[in-house]
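**Q** Sharing query-v3.cif (mmCIF, C-alpha atoms and all ligand atoms) below.
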data_my_file
#
loop_
_atom_site.label_atom_id
_atom_site.label_comp_id
_atom_site.auth_asym_id
_atom_site.auth_seq_id
_atom_site.Cartn_x
_atom_site.Cartn_y
_atom_site.Cartn_z
CA MET A 1 5.63 -35.01 29.97
CA LEU A 2 2.12 -33.67 29.35
CA GLU A 3 -0.76 -33.42 31.76
CA ILE A 4 -4.21 -32.09 30.98
CA LYS A 5 -6.13 -30.99 34.06
CA ASN A 6 -9.80 -30.06 34.26
CA LEU A 7 -9.86 -28.95 30.63
CA LYS A 8 -13.08 -27.24 29.57
CA LYS A 9 -13.96 -25.82 26.19
CA ARG A 10 -17.09 -23.91 25.34
CA PHE A 11 -18.20 -22.52 21.98
CA GLY A 12 -20.78 -19.87 22.84
CA LYS A 13 -23.29 -21.67 25.03
CA LYS A 14 -22.27 -25.11 23.85
CA VAL A 15 -19.95 -26.88 26.27
CA VAL A 16 -17.94 -29.36 24.20
CA LEU A 17 -15.31 -30.43 26.71
CA LYS A 18 -16.60 -30.52 30.28
CA ASP A 19 -13.78 -31.87 32.38
CA ILE A 20 -10.96 -33.67 30.64
CA ASN A 21 -8.05 -35.07 32.59
CA LEU A 22 -5.22 -37.04 31.02
CA LYS A 23 -1.58 -37.80 31.73
CA VAL A 24 0.69 -38.48 28.78
CA ASN A 25 4.07 -40.11 29.36
CA LYS A 26 6.96 -40.13 26.95
CA ASN A 27 6.58 -42.84 24.28
CA ASP A 28 2.84 -43.25 24.96
CA ILE A 29 0.80 -43.96 21.87
CA ILE A 30 -2.66 -42.87 22.94
CA GLY A 31 -5.71 -43.69 20.84
CA ILE A 32 -8.75 -41.46 21.21
CA ILE A 33 -12.09 -42.93 20.21
CA GLY A 34 -15.65 -41.76 20.62
CA PRO A 35 -18.77 -40.80 18.70
CA SER A 36 -18.65 -38.14 16.02
CA GLY A 37 -19.03 -34.65 17.47
CA CYS A 38 -17.96 -35.62 21.00
CA GLY A 39 -15.02 -33.21 20.94
CA LYS A 40 -12.03 -35.34 19.89
CA SER A 41 -10.74 -32.75 17.40
CA THR A 42 -11.43 -29.93 19.81
CA PHE A 43 -9.41 -31.76 22.45
CA LEU A 44 -6.38 -32.14 20.15
CA ARG A 45 -6.73 -28.55 18.97
CA CYS A 46 -6.67 -27.35 22.58
CA ILE A 47 -3.47 -29.30 23.28
CA ASN A 48 -1.82 -27.62 20.30
CA LEU A 49 -3.36 -24.28 21.28
CA LEU A 50 -5.21 -23.96 17.98
CA GLU A 51 -8.16 -23.45 20.31
CA LYS A 52 -7.88 -21.62 23.57
CA PRO A 53 -9.25 -23.71 26.42
CA THR A 54 -12.09 -22.04 28.33
CA GLU A 55 -10.73 -23.38 31.61
CA GLY A 56 -8.14 -25.80 32.88
CA GLN A 57 -4.47 -26.44 32.61
CA ILE A 58 -2.22 -28.07 30.05
CA ILE A 59 1.05 -28.80 31.79
CA PHE A 60 3.92 -29.50 29.43
CA HIS A 61 7.29 -30.10 31.09
CA ASN A 62 6.01 -28.57 34.35
CA ASP A 63 4.80 -25.43 32.63
CA ASP A 64 1.16 -24.42 32.05
CA ILE A 65 1.04 -23.64 28.33
CA VAL A 66 -2.46 -22.13 28.32
CA ASP A 67 -0.85 -18.78 27.99
CA ASN A 68 -0.45 -16.92 24.72
CA THR A 69 3.17 -16.09 25.31
CA LYS A 70 4.04 -19.78 24.95
CA LEU A 71 2.11 -20.35 21.77
CA GLU A 72 5.05 -20.40 19.39
CA SER A 73 7.38 -22.53 21.46
CA THR A 74 4.58 -25.00 22.17
CA ARG A 75 3.62 -25.38 18.53
CA LYS A 76 7.21 -26.24 17.68
CA LYS A 77 7.25 -29.06 20.22
CA ILE A 78 3.73 -30.37 19.64
CA GLY A 79 3.13 -31.18 15.99
CA MET A 80 -0.23 -31.86 14.41
CA VAL A 81 -1.36 -33.87 11.40
CA PHE A 82 -4.83 -33.23 9.98
CA GLN A 83 -7.37 -35.31 8.09
CA GLN A 84 -7.25 -32.91 5.11
CA PHE A 85 -3.41 -32.70 5.13
CA ASN A 86 -3.46 -28.85 5.26
CA LEU A 87 -0.55 -28.53 2.82
CA PHE A 88 -0.18 -25.22 0.99
CA ASN A 89 -1.32 -25.95 -2.55
CA ASN A 90 0.64 -23.07 -4.05
CA MET A 91 3.93 -24.42 -2.71
CA THR A 92 5.93 -27.44 -3.78
CA VAL A 93 6.48 -30.41 -1.50
CA LEU A 94 9.92 -29.11 -0.57
CA GLU A 95 8.67 -25.57 0.06
CA ASN A 96 5.89 -26.91 2.28
CA ILE A 97 8.37 -28.88 4.38
CA ILE A 98 10.99 -26.17 4.87
CA LEU A 99 8.55 -23.32 5.49
CA ALA A 100 8.17 -23.61 9.27
CA PRO A 101 11.79 -24.34 10.30
CA VAL A 102 13.06 -21.46 8.15
CA MET A 103 10.31 -19.07 9.28
CA HIS A 104 11.06 -19.83 12.94
CA ASN A 105 14.80 -19.39 12.36
CA MET A 106 15.45 -22.95 13.48
CA MET A 107 17.44 -23.72 10.35
CA THR A 108 18.86 -21.85 7.38
CA LYS A 109 17.15 -22.54 4.07
CA LYS A 110 20.12 -24.68 3.07
CA GLU A 111 20.01 -26.76 6.26
CA ALA A 112 16.24 -27.17 6.05
CA THR A 113 16.45 -28.26 2.43
CA LYS A 114 19.09 -30.84 3.26
CA GLU A 115 17.03 -32.22 6.13
CA ALA A 116 13.82 -32.18 4.06
CA LEU A 117 15.49 -34.18 1.30
CA ARG A 118 16.82 -36.67 3.83
CA LEU A 119 13.32 -37.14 5.25
CA LEU A 120 11.75 -37.37 1.79
CA GLU A 121 14.28 -40.02 0.86
CA GLU A 122 13.27 -42.06 3.89
CA ILE A 123 9.67 -42.13 2.70
CA ASP A 124 10.62 -42.68 -0.95
CA LEU A 125 9.25 -39.34 -2.11
CA LYS A 126 12.47 -37.51 -2.89
CA ASP A 127 11.61 -37.55 -6.60
CA LYS A 128 8.42 -35.60 -5.78
CA LYS A 129 10.17 -32.68 -4.12
CA ASP A 130 9.23 -30.18 -6.82
CA PHE A 131 5.68 -31.45 -7.24
CA TYR A 132 2.68 -29.47 -6.01
CA PRO A 133 0.29 -31.15 -3.54
CA ASN A 134 -2.44 -31.58 -6.16
CA GLU A 135 -0.04 -33.72 -8.19
CA LEU A 136 0.23 -36.24 -5.35
CA SER A 137 -2.04 -39.04 -4.19
CA GLY A 138 -3.78 -38.70 -0.83
CA GLY A 139 -1.36 -41.12 0.81
CA GLN A 140 1.62 -39.19 -0.56
CA LYS A 141 0.13 -35.89 0.63
CA GLN A 142 -0.37 -37.23 4.13
CA ARG A 143 3.17 -38.61 4.28
CA VAL A 144 4.50 -35.20 3.20
CA ALA A 145 2.34 -33.59 5.90
CA ILE A 146 3.87 -35.95 8.47
CA VAL A 147 7.39 -35.11 7.28
CA ARG A 148 6.54 -31.42 7.53
CA THR A 149 5.79 -32.05 11.20
CA LEU A 150 8.88 -34.23 11.74
CA ILE A 151 11.34 -31.62 10.46
CA MET A 152 10.40 -29.47 13.48
CA ASN A 153 11.70 -32.28 15.70
CA PRO A 154 8.57 -32.30 17.89
CA GLU A 155 8.24 -34.16 21.19
CA ILE A 156 4.62 -35.08 20.59
CA ILE A 157 2.59 -35.46 17.41
CA LEU A 158 -1.21 -35.17 17.42
CA PHE A 159 -2.95 -37.02 14.59
CA ASP A 160 -6.55 -36.06 13.85
CA GLU A 161 -8.04 -38.81 11.68
CA PRO A 162 -4.92 -39.05 9.54
CA THR A 163 -6.35 -41.75 7.27
CA SER A 164 -10.02 -40.75 7.06
CA ALA A 165 -9.65 -38.85 3.77
CA LEU A 166 -7.69 -41.63 2.07
CA ASP A 167 -8.73 -44.31 -0.34
CA PRO A 168 -8.46 -47.67 1.43
CA GLU A 169 -5.40 -48.79 -0.52
CA MET A 170 -3.45 -45.79 0.76
CA ILE A 171 -4.16 -46.21 4.44
CA GLY A 172 -1.33 -48.71 4.90
CA GLU A 173 1.43 -46.41 3.66
CA VAL A 174 0.40 -43.78 6.22
CA THR A 175 -0.06 -46.17 9.16
CA ASN A 176 3.27 -47.81 8.31
CA LEU A 177 4.98 -44.43 8.53
CA MET A 178 3.25 -43.81 11.85
CA ARG A 179 4.51 -47.17 13.13
CA LYS A 180 8.04 -46.29 12.08
CA ILE A 181 7.89 -42.93 13.87
CA ALA A 182 6.53 -44.64 16.99
CA LYS A 183 9.39 -47.14 16.93
CA GLU A 184 11.82 -44.25 16.91
CA GLY A 185 10.31 -43.12 20.22
CA MET A 186 7.75 -40.47 19.31
CA THR A 187 4.90 -39.75 21.71
CA MET A 188 1.59 -39.71 19.86
CA LEU A 189 -2.08 -38.95 20.38
CA ILE A 190 -4.23 -40.37 17.62
CA VAL A 191 -7.90 -39.81 16.82
CA SER A 192 -9.01 -42.45 14.34
CA HIS A 193 -11.97 -44.49 13.20
CA GLU A 194 -9.60 -47.27 12.14
CA MET A 195 -10.41 -49.39 15.18
CA ASN A 196 -8.07 -52.22 14.22
CA PHE A 197 -5.19 -49.80 13.93
CA ILE A 198 -5.99 -48.22 17.31
CA LYS A 199 -6.42 -51.64 18.88
CA ASN A 200 -3.13 -53.04 17.64
CA PHE A 201 -0.98 -49.94 17.73
CA CYS A 202 -1.87 -47.88 20.79
CA THR A 203 -0.37 -48.41 24.24
CA LYS A 204 -3.39 -46.73 25.81
CA VAL A 205 -6.90 -45.94 24.58
CA ILE A 206 -9.37 -43.37 25.84
CA PHE A 207 -13.07 -43.29 25.11
CA MET A 208 -14.59 -39.81 24.96
CA SER A 209 -18.28 -39.02 25.10
CA ASP A 210 -20.50 -36.24 26.45
CA GLY A 211 -17.51 -33.97 27.11
CA TYR A 212 -15.69 -36.44 29.36
CA ILE A 213 -13.23 -39.29 29.13
CA LEU A 214 -15.60 -42.05 30.17
CA GLU A 215 -13.09 -44.88 30.08
CA GLU A 216 -9.34 -45.19 29.82
CA GLY A 217 -7.24 -48.32 29.66
CA THR A 218 -5.01 -50.60 27.66
CA SER A 219 -6.22 -51.57 24.26
CA ASN A 220 -7.14 -55.00 25.64
CA GLN A 221 -9.21 -53.46 28.45
CA ILE A 222 -11.04 -51.03 26.18
CA PHE A 223 -11.77 -53.38 23.29
CA ASN A 224 -12.11 -56.74 25.01
CA HIS A 225 -13.34 -55.82 28.49
CA PRO A 226 -15.20 -52.50 28.23
CA LYS A 227 -17.03 -51.47 31.40
CA ASN A 228 -18.86 -48.28 30.52
CA GLU A 229 -22.27 -48.85 28.89
CA LYS A 230 -21.71 -46.08 26.34
CA LEU A 231 -18.39 -47.60 25.33
CA LYS A 232 -20.01 -51.04 24.98
CA ASN A 233 -22.70 -49.51 22.82
CA PHE A 234 -20.14 -47.61 20.71
CA LEU A 235 -18.09 -50.76 20.12
CA SER A 236 -21.13 -52.84 19.25
CA LYS A 237 -21.83 -50.52 16.33
CA ILE A 238 -18.38 -50.92 14.86
CA ASN A 239 -18.02 -54.01 12.80
CA ASP A 240 -14.37 -53.95 11.77
CA ILE A 241 -12.96 -55.40 15.01
N1 LIG B 301 -15.02 -23.47 16.07
C1 LIG B 301 -16.18 -23.99 16.51
N2 LIG B 301 -17.25 -23.21 16.76
C2 LIG B 301 -18.39 -23.72 17.22
N3 LIG B 301 -18.61 -25.02 17.47
C3 LIG B 301 -17.60 -25.85 17.24
C4 LIG B 301 -16.32 -25.39 16.73
N4 LIG B 301 -15.51 -26.47 16.60
C5 LIG B 301 -16.22 -27.53 16.99
N5 LIG B 301 -17.47 -27.18 17.37
C6 LIG B 301 -18.52 -28.08 17.88
O1 LIG B 301 -17.98 -28.84 18.91
C7 LIG B 301 -18.46 -30.17 18.89
C8 LIG B 301 -17.30 -31.13 18.84
O2 LIG B 301 -16.65 -31.04 17.62
P1 LIG B 301 -15.35 -31.86 17.27
O3 LIG B 301 -14.31 -31.56 18.28
O4 LIG B 301 -15.01 -31.58 15.85
O5 LIG B 301 -15.85 -33.37 17.45
P2 LIG B 301 -15.23 -34.73 16.91
O6 LIG B 301 -13.85 -34.45 16.42
O7 LIG B 301 -15.27 -35.67 18.07
O8 LIG B 301 -16.14 -35.22 15.82
C9 LIG B 301 -19.37 -30.27 17.67
O9 LIG B 301 -20.69 -30.13 18.10
C10 LIG B 301 -18.95 -29.09 16.83
O10 LIG B 301 -20.02 -28.62 16.06
MG MG B 302 -12.98 -34.61 14.59
#
When written as structure tokens, how does the structure in this file appear?

**A**
Amino acid sequence: MLEIKNLKKRFGKKVVLKDINLKVNKNDIIGIIGPSGCGKSTFLRCINLLEKPTEGQIIFHNDDIVDNTKLESTRKKIGMVFQQFNLFNNMTVLENIILAPVMHNMMTKKEATKEALRLLEEIDLKDKKDFYPNELSGGQKQRVAIVRTLIMNPEIILFDEPTSALDPEMIGEVTNLMRKIAKEGMTMLIVSHEMNFIKNFCTKVIFMSDGYILEEGTSNQIFNHPKNEKLKNFLSKINDI
């Protein structure tokens, strides 16, 4: 459904992504690992067109989306969840969730509200609908941010370190919601430092370093039989697996 071909991204003179190639099939749960600063966030941001690729193609349903005219329609179909939640602090939970579908004329305010309440009920946060983000815990904020993405009915969701800003006891509620969404057939790309989660949850894992995908494989191949020296070195420094 999605194919990234020869993707390059430069900031000024700094080349962050040199030549990234990846095929994503429907229902893939792809984990992206690699050292800090290697371009994982930039890669996700390019897929969602929050950054314009310097070169290369992003083919989504046989259409190259690296083209400003497709920005809006692409963003509706490719959702993104951020480390810092990115909720609007001056809006209630409900207002945050219904903003995009109403703004894009995908639903009336009434329809969006109904759907938002249904989704909030599923994650046990219906009673928080009129709360402001700063009245919620980190785990609750991230679950609201995920629901805000889900109401757009995306085909793919990109998660950029969705649990990194959370206290440890709140990580589970977010990863459990991610598991539930995956079970319902969502395609996901996930950047995370939670190696156990990546190892157990992802159908495919890619290791990024130096602007390239240096190794790609099943979770078993990447974590138990790594071939690339840089990947071996990266894994040896992580002690939670
Ligand atoms: N908007 C930007 N302008 C300039 N440099 C950037 C910008 N965004 C990211 N970078 C640089 O690109 C590199 C990769 O960043 P990032 O994608 O955030 O890495 P990661 O998510 O793997 O930690 C870093 O060196 C970072 O400083
Ligand atoms: Mg990052």

**Q** Once you count only C-alpha atoms and all ligand atoms, what closest atom pair and distance in Å to one decimal does each residue of chain A within 7 Å of ligand LIG 301 (chain B) have, with rows by chain and rising residue number, as a tab-separated table?

**A**
residue	atom	partner	partner_atom	distance
A:Phe11	CA	B:LIG301	C2	4.9
A:Val16	CA	B:LIG301	O1	5.3
A:Gly34	CA	B:LIG301	O7	6.6
A:Pro35	CA	B:LIG301	O7	6.2
A:Ser36	CA	B:LIG301	O8	3.9
A:Gly37	CA	B:LIG301	O8	3.4
A:Cys38	CA	B:LIG301	O7	4.0
A:Gly39	CA	B:LIG301	O3	3.2
A:Lys40	CA	B:LIG301	O7	3.7
A:Ser41	CA	B:LIG301	O6	3.7
A:Thr42	CA	B:LIG301	O3	3.6
A:Phe43	CA	B:LIG301	O3	6.4

**Q** Check the smallest atom-to-atom distance from each of A:Ser164, A:Thr74, A:Asn48, A:Asn153 to ligand MG 302 (chain B) using only C-alpha atoms and all ligand atoms, then report the winner.

**A**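 Going through A:Ser164, A:Thr74, A:Asn48, A:Asn153 one by one, the smallest distance to ligand MG 302 (chain B) is for A:Ser164.
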
**Q** Measure the distance from atom CA of A:Ile238 to atom CA of A:Ser219 in Å and round it to one decimal.

**A**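 Separating atom CA of A:Ile238 from atom CA of A:Ser219 is a distance of 15.4 Å.
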
**Q** Please identify all polymer residues within 10 Å of A:Thr175, counting all atoms listed in the file, omitting same-chain residues fewer than 3 positions from it, and present them as a ChimeraX atom specification.

**A** /A:139,143,162-163,170-172,178-181,197,201

**Q** Calculated over all atoms listed in the file, which of the candidates A:Phe207, A:Phe159, A:Tyr212, A:Phe131 has the smallest distance to A:Met188?

**A** A:Phe159

**Q** Give me, please, the distance in Å between atom CA of A:Tyr132 and atom CA of A:Ala145, quoted to one decimal.

**A**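 Distance reported for this atom pair: 12.6 Å.
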
**Q** Contacts of stretch 62-66 of chain A at 8 Å or less, counting all atoms listed in the file, minus same-chain residues fewer than 6 places along, as a list of chain:residue names?

**A**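 My reading of the contact set: A:Met1, A:Leu49, A:Lys52, A:Pro53, A:Thr74.
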
**Q** Restricted to C-alpha atoms, what would the selected residues look like written as a PDB file, in the frame of the given file?

**A**
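Contents of the output file part-v8.pdb:
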ATOM      1  CA  MET A   1       5.630 -35.010  29.970  1.00  0.00           C
ATOM      2  CA  LEU A  49      -3.360 -24.280  21.280  1.00  0.00           C
ATOM      3  CA  LYS A  52      -7.880 -21.620  23.570  1.00  0.00           C
ATOM      4  CA  PRO A  53      -9.250 -23.710  26.420  1.00  0.00           C
ATOM      5  CA  THR A  74       4.580 -25.000  22.170  1.00  0.00           C
TER       6      THR A  74
END

**Q** Which value, in Å to one decimal, gives the distance between atom CA of A:Glu155 and atom CA of A:Ile78?

**A** 6.1 Å

**Q** Looking at all atoms listed in the file, which of A:Val147, A:Ile123, A:Ala116, A:Ile33 is the one that sits closest to ligand MG 302 (chain B)?

**A**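 Between A:Val147, A:Ile123, A:Ala116, A:Ile33, the residue approaching ligand MG 302 (chain B) most closely is A:Ile33.
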
**Q** Do you know which residues are at most 8 Å from A:Asp130 counting all atoms listed in the file, after dropping those on the same chain fewer than 2 positions away, and could you put them as a list of chain:residue names?

**A**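 Close residues of A:Asp130: A:Thr92, A:Val93, A:Leu94, A:Asp127, A:Lys128, A:Tyr132.
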
**Q** Give me the residues of stretch 115-218 of chain A that have any atom at most 7 Å from an atom of stretch 18-26 of chain A; for each, the nearest atom pair and the distance in Å, rounded to one decimal. Use only C-alpha atoms, sort by chain and number, and format it as a tab-separated table.

**A**
residue	atom	partner	partner_atom	distance
A:Thr187	CA	A:Lys26	CA	5.6
A:Gly211	CA	A:Lys18	CA	4.8
A:Tyr212	CA	A:Ile20	CA	5.6
A:Ile213	CA	A:Ile20	CA	6.2

**Q** Once you have the residues from the selection above, write them out as a compact mmCIF listing (two decimals), in the frame of the given file, restricted to C-alpha atoms.

**A**
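The resulting file, selection19.txt, is reproduced below:
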# COMPACT_ATOMS: atom_id res chain seq x y z
CA THR A 187 4.90 -39.75 21.71
CA GLY A 211 -17.51 -33.97 27.11
CA TYR A 212 -15.69 -36.44 29.36
CA ILE A 213 -13.23 -39.29 29.13

**Q** At a cut-off of 12 Å, using all atoms listed in the file, what residues contact A:Asp124? Leave out same-chain residues fewer than 3 positions from it and give the result as an MDAnalysis selection string.

**A** chainID A and resid 117:121 127:129 140 143:144 147 173 177

**Q** Hey, which of A:Glu55, A:Asp160, A:Glu229, A:Glu95 ends up closest to ligand MG 302 (chain B)? Count all atoms listed in the file.

**A**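 Looking at the shortest contact to ligand MG 302 (chain B), the residue is A:Asp160.
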
**Q** Could you check the closest approach to ligand MG 302 (chain B) for each of A:Leu158, A:Ile59, A:Val15, A:Leu44 and tell me which residue wins, using all atoms listed in the file?

**A**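 With all atoms listed in the file as the atom set, the closest residue is A:Leu44.
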
**Q** Under the rule that all atoms listed in the file are counted, which of A:Pro133, A:Lys232, A:Lys114, A:Gln83 is the nearest residue to ligand MG 302 (chain B)?

**A**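 So, comparing all the options, the nearest one is A:Gln83.
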
**Q** Name the residues in contact with stretch 148-152 of chain A at a cut-off of 7 Å, using only C-alpha atoms, excluding same-chain residues fewer than 5 positions from it; report them as an NGL selection string.

**A** :A and (76 or 79-80 or 96-97 or 101 or 116)
